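I have placed the structure first, in the form of structure tokens, so that the comments after it can refer back to it.
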Amino acid sequence: MRQILHIFAKDSRRFWPEIAVSLAILVAFVRVYPVQWMGPELFGSADDVERYRRLQGIAGTLALLLPVSWLSLIARVVHGESLVGDRQFWITRPYVWWKLLSAKGLFLIVYFGMPFFLAQIVLLAEAGFASFEYVPGVLYNLTLMTAIAIVPLVALATVTKSVARMLLILLGILLAIVLFLYLAFYVNIASGFMLGGDRVLLPLILLSSGCAIVFQYATRRVWLARGALVLPLVIVALAEMALPHKSTVDAEYLGTTTGTDARAANVAGAPLEIAHDGNREGLRSTFKDKRTDLVGFNLPVTISGVEAGTAVITDDLRMTVEGGHGDQWSSEWQTIFNARYLPGVWHPSVNLMMNRTAYDKFKSMPVTLHVTFAVTEVRAGRATQISLPTQDFAVPEFGICPGAAAGNVGIHGLICRFALHQPGLTHVSSPGSGLPCVQRSSDAEEWGPEPALEAGPDGSEETWVGSLDHEPADIGLTPVSTALVQFHHGDRRVETSLCAGAPITFTRYERVRRTHVDLTITNFRLPNVDEPLVTTPQPSR
């Protein structure tokens, strides 16, 4: 233990400039970053708005400098006793390798782990959360940050001789990741593959990095350590590219059976009805992508049958085209984004994509089009209605949102903040007149819509915030996340002015089940993708 403390004290004295810079950037980050949670409307004059924008720029710069300071600190402290080459001076001293490694670990705990933990607690308190209630989540975030960033950086430092070489290798790794994601993006569209394996990727990164560190400190065989660092990640990358997205969707949405039997088994209990909207045939648009040799079209549909107290999310879809001579082509699963449906009748359009070869084969004949929608049914839970106050207010199981501060002429959205992660899936609605707020008396509490103006659109203005799946904490430099709660009328964003006293309802939704719904269209003709794009706006409801 004495040798560990001796090495730790020696490193603290030797690298005090790097320690001081890292801590100074962290303190500045904690001091300035909360400006990101505010909106420019909270600043009165034009000068204040300009000051707000400058502070936002400083906060963004500090968010970039903080990881750089950590990288510099890690590189300096590990390279202090070089592990690469055959001229390490420290092996002539009475150093035991595992004690040297332990001293480096203690250094990072004291000068990275503890300051980062305290910074997270202070940021939570600054955001208005009872910070000590979130200690487990903060520790989870610290664990993620250590596993994803700190341990791999230490591993890179152990297999490099200098900071410059470490930065060069790190740049190469980042470029390889970008290239992999770029290729995976197009593979996902064309073939239905997706980047899965989140549950194994993090432990594998930690395991490979840890093995590289231990191998290098114990044996100083750099190629053995580099192999332990790189080989598992290459295997995972190849496995990810070979793992079809359809396997996970089939298992979660179609059950253990597949094909016609599975569809017949689940349609009877489908949470919604989907029909082809032939009356909107003229609104169909087409598109093509020369880079991936894909073509597609927007299919107008009518969605109904959602039960009261529930909502349905369409997550993925898969299409099958059948020709008159028994020819058939099927796509892989294609992702649908932000498609959520409450009770009522909806008229969206869905994007269907197919490869050019299949399209050219079927475009000249009537076909039977089968579309399978993978859907998630959710049920409404706790609902909280709040009359918009003038100051910040907390919503149970949601977060903290800004009030209608005195002097504002209305709020066209709420920049709400959340502790550790985005909230669970929440539907936010308000009657919303779409009218500006005017002060009706000297009392700042009495604000309301101008009565002389015309009424706004019928129905509530609404939006969705959050997700059904989340971990105890999202990895990040700050434990506070934000979201702009901006209201929509159907698929049209509206400029709703929320006045003090306006009722806002927050309804939490929980998952009930995952299933699928089928749509079959006979005598369907594929549209001509070579025609100009139709830009006619499409109704949503």
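Each chain in the structure tokens gets a letter, A, B and so on, in the order shown; residues start at 1 in every chain, and ligands are counted from 1 in the order they appear.
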
Please produce, as a tab-separated table, a per-residue contact table for stretch 327-409 of chain A versus stretch 512-532 of chain A (criterion: any atom at most 8 Å away, only C-alpha atoms considered), showing the nearest atom pair and its distance in Å to one decimal, sorted by chain then residue number.
```
residue	atom	partner	partner_atom	distance
A:Tyr359	CA	A:Leu526	CA	7.8
A:Phe362	CA	A:Leu526	CA	7.5
A:Lys363	CA	A:Leu526	CA	5.3
A:Ser364	CA	A:Arg525	CA	7.6
A:Met365	CA	A:Arg525	CA	6.6
A:Pro366	CA	A:Asn523	CA	4.9
A:Val367	CA	A:Phe524	CA	5.1
A:Thr368	CA	A:Thr522	CA	4.4
A:Leu369	CA	A:Ile521	CA	5.1
A:His370	CA	A:Thr520	CA	4.5
A:Val371	CA	A:Leu519	CA	5.1
A:Thr372	CA	A:Asp518	CA	4.5
A:Phe373	CA	A:Val517	CA	5.2
A:Ala374	CA	A:His516	CA	4.4
A:Val375	CA	A:His516	CA	5.3
A:Thr376	CA	A:Arg514	CA	4.5
A:Glu377	CA	A:Arg513	CA	5.5
A:Val378	CA	A:Val512	CA	5.1
A:Arg379	CA	A:Val512	CA	6.3
```

Would you output that residue set with C-alpha atoms, as a short mmCIF file (atom, residue, chain, number, x, y, z; two decimals), in the first residue's frame?
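New file out-v2.cif:
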```cif
data_model
loop_
_atom_site.label_atom_id
_atom_site.label_comp_id
_atom_site.auth_asym_id
_atom_site.auth_seq_id
_atom_site.Cartn_x
_atom_site.Cartn_y
_atom_site.Cartn_z
CA TYR A 359 -39.59 -2.45 -58.78
CA PHE A 362 -43.48 -5.48 -60.96
CA LYS A 363 -44.15 -1.89 -62.08
CA SER A 364 -45.94 -2.82 -65.31
CA MET A 365 -48.50 -5.24 -63.81
CA PRO A 366 -51.22 -5.19 -61.16
CA VAL A 367 -49.92 -6.73 -57.94
CA THR A 368 -51.14 -7.74 -54.54
CA LEU A 369 -49.45 -5.61 -51.88
CA HIS A 370 -49.12 -6.96 -48.33
CA VAL A 371 -47.85 -4.58 -45.64
CA THR A 372 -47.19 -5.83 -42.12
CA PHE A 373 -46.94 -3.19 -39.41
CA ALA A 374 -45.05 -3.95 -36.19
CA VAL A 375 -46.91 -1.99 -33.52
CA THR A 376 -46.70 -1.31 -29.80
CA GLU A 377 -49.88 -0.83 -27.78
CA VAL A 378 -49.60 1.48 -24.76
CA ARG A 379 -52.14 2.28 -22.07
#
```

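Remark: for A:Ile475, the closest of the candidate residues A:Ala308, A:Leu425, A:Leu142, A:Leu233 is A:Leu142 (distances computed over only C-alpha atoms).
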
Residues within 12 Å of A:Leu231, only C-alpha atoms, excluding chain neighbours under 6 positions, as a PyMOL selection string
chain A and resi 204-205+207-209+211-212+223-225+237-238

Contact residues around A:Met1 with only C-alpha atoms at 10 Å, ignoring same-chain residues under 4 positions, as an NGL selection string:
:A and (5-6 or 99 or 102-103)

Can you write just those residues out, C-alpha atoms, as an mmCIF file, in the first residue's frame?
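File written: result.cif
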```cif
data_model
loop_
_atom_site.group_PDB
_atom_site.id
_atom_site.type_symbol
_atom_site.label_atom_id
_atom_site.label_comp_id
_atom_site.auth_asym_id
_atom_site.auth_seq_id
_atom_site.Cartn_x
_atom_site.Cartn_y
_atom_site.Cartn_z
ATOM 1 C CA LEU A 5 0.529 5.893 -2.235
ATOM 2 C CA HIS A 6 4.123 6.847 -3.054
ATOM 3 C CA LYS A 99 0.983 -1.761 -7.562
ATOM 4 C CA SER A 102 -3.284 0.368 -8.796
ATOM 5 C CA ALA A 103 -1.592 3.754 -8.287
#
```

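Nearest to A:Ala218 of all the residues A:Asp327, A:Trp97, A:Ile121, A:Val312 is A:Trp97, based on only C-alpha atoms.
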
Once DSSP has gone over the backbone, tell me which residues of stretch 455-487 of chain A are in strand (DSSP E or B), as a ChimeraX atom specification.
/A:461-465,467,480-485

Taking C-alpha atoms for each residue, export the selection above as an mmCIF file, in the first residue's frame.
```cif
data_model
loop_
_atom_site.group_PDB
_atom_site.id
_atom_site.type_symbol
_atom_site.label_atom_id
_atom_site.label_comp_id
_atom_site.auth_asym_id
_atom_site.auth_seq_id
_atom_site.Cartn_x
_atom_site.Cartn_y
_atom_site.Cartn_z
ATOM 1 C CA GLU A 461 -52.877 20.954 -29.042
ATOM 2 C CA GLU A 462 -50.660 18.038 -28.133
ATOM 3 C CA THR A 463 -47.233 16.460 -28.293
ATOM 4 C CA TRP A 464 -45.364 13.392 -27.109
ATOM 5 C CA VAL A 465 -42.231 13.429 -24.946
ATOM 6 C CA SER A 467 -39.758 6.935 -24.535
ATOM 7 C CA VAL A 480 -29.735 16.912 -16.734
ATOM 8 C CA SER A 481 -31.344 16.497 -20.138
ATOM 9 C CA THR A 482 -33.831 18.814 -21.768
ATOM 10 C CA ALA A 483 -36.603 18.617 -24.341
ATOM 11 C CA LEU A 484 -38.661 21.268 -26.076
ATOM 12 C CA VAL A 485 -42.323 20.502 -25.413
#
```

Just give me the gap between atom CA of A:Arg318 and atom CA of A:Glu332 in Å, one decimal is fine.
5.9 Å

Distance query A:Lys161 at most 8 Å, only C-alpha atoms, self and fewer than 3 positions along chain excluded, as number ranges by chain
A: 79, 82-85, 157-158, 165-166

I'd like the neighbourhood of A:Asn351 as a list in words, where a residue qualifies if any of its atoms comes within 7 Å (using only C-alpha atoms), though same-chain residues fewer than 4 positions away should be ignored.
Gly296, Phe297, Asn298 and Leu299 of chain A

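Coordinates place atom CA of A:Gly413 at a distance of 12.9 Å from atom CA of A:Ala502.
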
Could you give me, as a tab-separated table, a per-residue list for stretch 90-139 of chain A showing, wherever an atom lies at most 12 Å from an atom of stretch 395-399 of chain A, the closest pair of atoms and their distance in Å to one decimal, using only C-alpha atoms and sorting by chain then residue number from low to high?
```
residue	atom	partner	partner_atom	distance
A:Leu124	CA	A:Gly399	CA	11.8
A:Ala127	CA	A:Gly399	CA	10.1
A:Gly128	CA	A:Gly399	CA	9.6
A:Phe129	CA	A:Gly399	CA	8.8
A:Ala130	CA	A:Gly399	CA	11.8
```
